[in-house]
>>> print(open('target.tsv').read())   # TSV, C-alpha atoms
chain	number	residue	atom	x	y	z
A	1	MET	CA	37.65	4.11	14.52
A	2	ASP	CA	40.60	6.23	13.47
A	3	ASN	CA	41.80	8.43	16.37
A	4	GLU	CA	41.97	11.39	13.97
A	5	VAL	CA	38.23	11.19	13.19
A	6	GLN	CA	35.95	13.12	15.48
A	7	LEU	CA	32.82	11.43	16.76
A	8	HIS	CA	30.44	13.91	15.16
A	9	GLU	CA	32.07	13.24	11.77
A	10	PHE	CA	31.87	9.49	12.38
A	11	PHE	CA	28.17	9.66	13.29
A	12	GLU	CA	27.42	11.90	10.30
A	13	LYS	CA	28.93	9.21	8.03
A	14	LEU	CA	27.04	6.49	9.88
A	15	ALA	CA	23.75	8.37	9.52
A	16	LYS	CA	24.17	8.54	5.72
A	17	ILE	CA	24.38	4.77	5.41
A	18	LYS	CA	21.02	3.50	4.17
A	19	THR	CA	20.54	0.07	5.77
A	20	ALA	CA	20.83	-1.21	9.32
A	21	VAL	CA	23.01	-4.09	8.11
A	22	LYS	CA	25.50	-1.67	6.51
A	23	LYS	CA	25.40	0.59	9.60
A	24	LYS	CA	26.26	-2.40	11.79
A	25	GLU	CA	29.12	-3.33	9.44
A	26	PHE	CA	30.41	0.26	9.61
A	27	LEU	CA	30.36	0.17	13.42
A	28	LEU	CA	32.22	-3.13	13.49
A	29	GLU	CA	34.80	-1.96	10.93
A	30	ASN	CA	35.49	1.10	13.08
A	31	GLU	CA	35.42	-0.58	16.49
A	32	SER	CA	37.66	1.12	19.04
A	33	ARG	CA	37.85	1.61	22.77
A	34	GLN	CA	36.86	5.27	22.39
A	35	LEU	CA	33.82	4.48	20.24
A	36	LYS	CA	32.60	1.75	22.57
A	37	THR	CA	33.21	3.93	25.63
A	38	PHE	CA	31.12	6.69	24.08
A	39	LEU	CA	28.32	4.34	22.98
A	40	LYS	CA	28.17	2.70	26.41
A	41	GLY	CA	27.91	6.11	28.03
A	42	ALA	CA	25.21	7.21	25.61
A	43	PHE	CA	23.01	4.11	25.73
A	44	ASP	CA	23.67	2.02	28.86
A	45	LYS	CA	21.10	3.05	31.49
A	46	SER	CA	23.08	1.20	34.17
A	47	LEU	CA	25.98	3.62	33.65
A	48	GLU	CA	25.12	6.88	35.37
A	49	PHE	CA	27.06	10.11	35.50
A	50	ASN	CA	27.84	12.09	38.66
A	51	LEU	CA	26.91	15.33	36.92
A	52	PRO	CA	23.78	17.47	36.83
A	53	LYS	CA	21.47	17.15	33.82
A	54	GLY	CA	21.72	19.76	31.08
A	55	SER	CA	24.52	21.97	29.92
A	56	PRO	CA	26.83	23.64	32.46
A	57	PRO	CA	28.08	27.16	31.79
A	58	TYR	CA	31.07	26.70	29.51
A	59	THR	CA	32.71	28.52	26.62
A	60	PRO	CA	32.82	26.44	23.41
A	61	ASN	CA	36.37	26.23	22.06
A	62	LYS	CA	36.09	27.19	18.40
A	63	GLU	CA	39.86	26.88	17.96
A	64	SER	CA	40.07	23.27	19.15
A	65	LYS	CA	40.70	20.38	16.80
A	66	LEU	CA	40.41	17.80	19.59
A	67	GLY	CA	37.75	15.11	19.74
A	68	PHE	CA	36.41	12.62	22.26
A	69	GLY	CA	39.47	10.39	21.94
A	70	SER	CA	41.61	13.12	23.49
A	71	VAL	CA	39.43	13.26	26.62
A	72	SER	CA	38.07	9.70	26.88
A	73	SER	CA	40.47	8.92	29.73
A	74	GLU	CA	38.69	11.62	31.79
A	75	TYR	CA	35.54	9.48	31.74
A	76	ARG	CA	36.50	7.89	35.06
A	77	PHE	CA	35.91	11.19	36.85
A	78	PHE	CA	32.30	11.52	35.71
A	79	ALA	CA	30.78	8.01	35.64
A	80	LYS	CA	29.41	6.71	38.93
A	81	GLY	CA	31.38	3.87	40.45
A	82	TYR	CA	34.79	5.16	39.40
A	83	GLU	CA	37.43	7.34	41.01
A	84	GLY	CA	35.44	10.54	40.44
A	85	ASP	CA	33.03	9.43	43.18
A	86	ALA	CA	35.63	10.63	45.71
A	87	LEU	CA	35.67	14.16	44.28
A	88	LYS	CA	33.53	16.96	45.62
A	89	ALA	CA	30.67	17.70	43.22
A	90	SER	CA	32.00	21.19	42.48
A	91	VAL	CA	35.47	19.84	41.60
A	92	ARG	CA	33.98	17.11	39.38
A	93	GLU	CA	31.75	19.64	37.59
A	94	LEU	CA	34.69	22.00	36.99
A	95	LYS	CA	36.68	19.09	35.53
A	96	PHE	CA	33.77	18.37	33.19
A	97	ILE	CA	33.59	22.02	32.09
A	98	LYS	CA	37.33	21.90	31.32
A	99	VAL	CA	36.75	18.78	29.18
A	100	LEU	CA	33.94	20.53	27.28
A	101	GLU	CA	36.19	23.53	26.68
A	102	LYS	CA	39.08	21.33	25.48
A	103	VAL	CA	37.26	19.68	22.56
A	104	THR	CA	35.55	21.11	19.49
A	105	PRO	CA	32.05	22.58	20.01
A	106	GLU	CA	30.55	19.63	18.12
A	107	GLU	CA	32.32	17.10	20.35
A	108	ALA	CA	31.24	19.04	23.46
A	109	GLU	CA	27.63	18.82	22.27
A	110	LEU	CA	28.01	15.06	21.85
A	111	LEU	CA	29.48	14.71	25.34
A	112	LEU	CA	26.45	16.51	26.75
A	113	LEU	CA	24.08	14.25	24.78
A	114	MET	CA	25.99	11.19	26.01
A	115	LYS	CA	25.88	12.33	29.62
A	116	ASP	CA	22.14	12.93	29.51
A	117	LYS	CA	21.44	9.78	27.41
A	118	LYS	CA	19.92	11.86	24.60
A	119	LEU	CA	21.93	10.75	21.56
A	120	THR	CA	18.94	8.94	19.99
A	121	GLY	CA	17.44	11.15	17.29
A	122	LYS	CA	20.57	13.23	16.73
A	123	TYR	CA	21.82	10.98	13.91
A	124	LYS	CA	19.50	8.90	11.74
A	125	GLY	CA	19.58	5.23	12.67
A	126	VAL	CA	21.98	5.57	15.59
A	127	THR	CA	19.93	3.70	18.17
A	128	LEU	CA	20.23	1.40	21.15
A	129	LYS	CA	19.05	-1.46	18.90
A	130	LEU	CA	21.84	-0.85	16.37
A	131	VAL	CA	24.52	-0.57	19.04
A	132	SER	CA	23.26	-3.70	20.81
A	133	GLU	CA	23.31	-5.68	17.56
A	134	ALA	CA	26.81	-4.51	16.67
A	135	PHE	CA	28.23	-4.97	20.17
A	136	PRO	CA	25.99	-7.50	22.00
A	137	THR	CA	27.92	-7.43	25.29
A	138	LEU	CA	28.40	-3.65	25.50
A	139	ILE	CA	25.04	-2.55	26.92
A	140	GLN	CA	23.65	-4.11	30.10
A	141	LYS	CA	20.00	-5.12	29.84
>>> encode(input="target.tsv", output="structure tokens")
Amino acid sequence: MDNEVQLHEFFEKLAKIKTAVKKKEFLLENESRQLKTFLKGAFDKSLEFNLPKGSPPYTPNKESKLGFGSVSSEYRFFAKGYEGDALKASVRELKFIKVLEKVTPEEAELLLLMKDKKLTGKYKGVTLKLVSEAFPTLIQK
């Protein structure tokens, strides 16, 4: 996936593809660390986030042009089992709010869907089955 493309734009393109075979090909053609990190966060039930469910109070940044790729390195502060475990909950939650306010409103919405494992249904055909077929070792069963 091109670092200049935002995830919401990528998933909109993916959703317009008619067949599962072509969707899988599109995922494989655009494979990147950022894409796989996002998909693992969105679909892998074994990966939990140290954040409350739902949307925290944040101000969407309508001026931002930044996407998930610009904040993907922050992931380690929010996923359980990484260095963010050592942070106080309030500090970790403030860091997450700052991430949401750094990216475009559309990317912030996707981050919230990823965190709460609610991406399914947002984009036609973007499912656990598709992701598992494209990247068989990505999601733990």
>>> residues_near_point(input="target.tsv", point="(34.4, 16.8, 14.1)", cutoff="8 Å", atoms="all atoms listed in the file", output="PyMOL selection string")
chain A and resi 5-10+65+67+104+106-107
>>> atom_distance(input="target.tsv", atom1="atom CA of Leu66 of chain A", atom2="atom CA of Leu111 of chain A")
12.7 Å
>>> closest_residue(input="target.tsv", among="A:Leu35, A:Leu94, A:Leu14, A:Leu110", to="Leu51 of chain A", atoms="all atoms listed in the file")
A:Leu94
>>> closest_residue(input="target.tsv", among="A:Thr127, A:Thr120, A:Thr37, A:Asn50", to="Glu83 of chain A", atoms="all atoms listed in the file")
A:Asn50
>>> axis_aligned_box(input="target.tsv", around="segment 107-120 of chain A", padding_each_side="4 Å", output="AutoDock Vina command-line options")
--center_x 25.6 --center_y 14.0 --center_z 24.8 --size_x 21.4 --size_y 18.1 --size_z 17.6
>>> atom_distance(input="target.tsv", atom1="atom CA of Gln140 of chain A", atom2="atom CA of Ala79 of chain A")
15.1 Å
>>> closest_residue(input="target.tsv", among="A:Leu128, A:Leu100, A:Leu27, A:Leu119", to="Lys62 of chain A", atoms="all atoms listed in the file")
A:Leu100
>>> closest_residue(input="target.tsv", among="A:Glu48, A:Glu63, A:Glu25, A:Glu12", to="Val103 of chain A", atoms="all atoms listed in the file")
A:Glu63
>>> atom_distance(input="target.tsv", atom1="atom CA of Val126 of chain A", atom2="atom CA of Leu113 of chain A")
12.8 Å
>>> closest_residue(input="target.tsv", among="A:Leu87, A:Leu112, A:Ala42, A:Val99", to="Leu138 of chain A", atoms="all atoms listed in the file")
A:Ala42
>>> residues_around(input="target.tsv", residues="Lys53 of chain A", least_positions_apart="2", cutoff="8 Å", atoms="only C-alpha atoms", output="list in words")
Leu51, Ser55, Lys115 and Asp116 of chain A
>>> closest_residue(input="target.tsv", among="A:Glu74, A:Lys13, A:Glu31, A:Lys129", to="Lys141 of chain A", atoms="only C-alpha atoms")
A:Lys129
>>> residues_near_point(input="target.tsv", point="(23.4, -3.8, 12.0)", cutoff="8 Å", atoms="all atoms listed in the file", output="MDAnalysis selection string")
chainID A and resid 19:25 130:131 133:134
>>> residues_around(input="target.tsv", residues="Glu101 of chain A", least_positions_apart="3", cutoff="6 Å", atoms="all atoms listed in the file", output="ChimeraX atom specification")
/A:60-61,98
>>> build_atoms(input="target.tsv", residues="segment 42-57 of chain A", atoms="N, CA, C and O atoms", output="CSV table (one decimal), in the frame of the given file")
chain,number,residue,atom,x,y,z
A,42,ALA,N,26.4,6.6,26.2
A,42,ALA,CA,25.2,7.2,25.6
A,42,ALA,C,24.0,6.3,25.8
A,42,ALA,O,22.9,6.8,25.9
A,43,PHE,N,24.2,5.0,25.8
A,43,PHE,CA,23.0,4.1,25.7
A,43,PHE,C,22.8,3.2,26.9
A,43,PHE,O,21.7,2.7,27.1
A,44,ASP,N,23.8,3.0,27.7
A,44,ASP,CA,23.7,2.0,28.9
A,44,ASP,C,23.1,2.7,30.1
A,44,ASP,O,23.7,3.5,30.7
A,45,LYS,N,21.8,2.4,30.4
A,45,LYS,CA,21.1,3.0,31.5
A,45,LYS,C,21.7,2.7,32.8
A,45,LYS,O,21.5,3.4,33.8
A,46,SER,N,22.5,1.6,32.9
A,46,SER,CA,23.1,1.2,34.2
A,46,SER,C,24.3,2.1,34.5
A,46,SER,O,24.8,2.1,35.6
A,47,LEU,N,24.8,2.7,33.5
A,47,LEU,CA,26.0,3.6,33.6
A,47,LEU,C,25.4,5.0,33.8
A,47,LEU,O,24.9,5.6,32.9
A,48,GLU,N,25.6,5.5,35.0
A,48,GLU,CA,25.1,6.9,35.4
A,48,GLU,C,26.3,7.8,35.5
A,48,GLU,O,27.4,7.4,35.9
A,49,PHE,N,26.0,9.1,35.4
A,49,PHE,CA,27.1,10.1,35.5
A,49,PHE,C,26.8,10.9,36.8
A,49,PHE,O,25.7,11.3,37.1
A,50,ASN,N,27.9,11.3,37.5
A,50,ASN,CA,27.8,12.1,38.7
A,50,ASN,C,27.8,13.6,38.3
A,50,ASN,O,28.7,14.3,38.8
A,51,LEU,N,27.0,13.9,37.4
A,51,LEU,CA,26.9,15.3,36.9
A,51,LEU,C,25.4,15.7,36.8
A,51,LEU,O,24.6,14.9,36.5
A,52,PRO,N,25.2,17.0,37.0
A,52,PRO,CA,23.8,17.5,36.8
A,52,PRO,C,23.3,17.3,35.4
A,52,PRO,O,24.1,17.4,34.5
A,53,LYS,N,22.0,17.2,35.2
A,53,LYS,CA,21.5,17.2,33.8
A,53,LYS,C,21.6,18.5,33.2
A,53,LYS,O,21.7,19.5,33.8
A,54,GLY,N,21.6,18.5,31.8
A,54,GLY,CA,21.7,19.8,31.1
A,54,GLY,C,23.2,20.2,30.8
A,54,GLY,O,24.1,19.5,31.2
A,55,SER,N,23.2,21.4,30.3
A,55,SER,CA,24.5,22.0,29.9
A,55,SER,C,25.0,22.9,31.0
A,55,SER,O,24.3,23.9,31.4
A,56,PRO,N,26.3,22.7,31.5
A,56,PRO,CA,26.8,23.6,32.5
A,56,PRO,C,27.3,24.9,31.7
A,56,PRO,O,27.4,24.9,30.5
A,57,PRO,N,27.5,26.0,32.5
A,57,PRO,CA,28.1,27.2,31.8
A,57,PRO,C,29.5,26.9,31.3
A,57,PRO,O,30.4,26.6,32.2
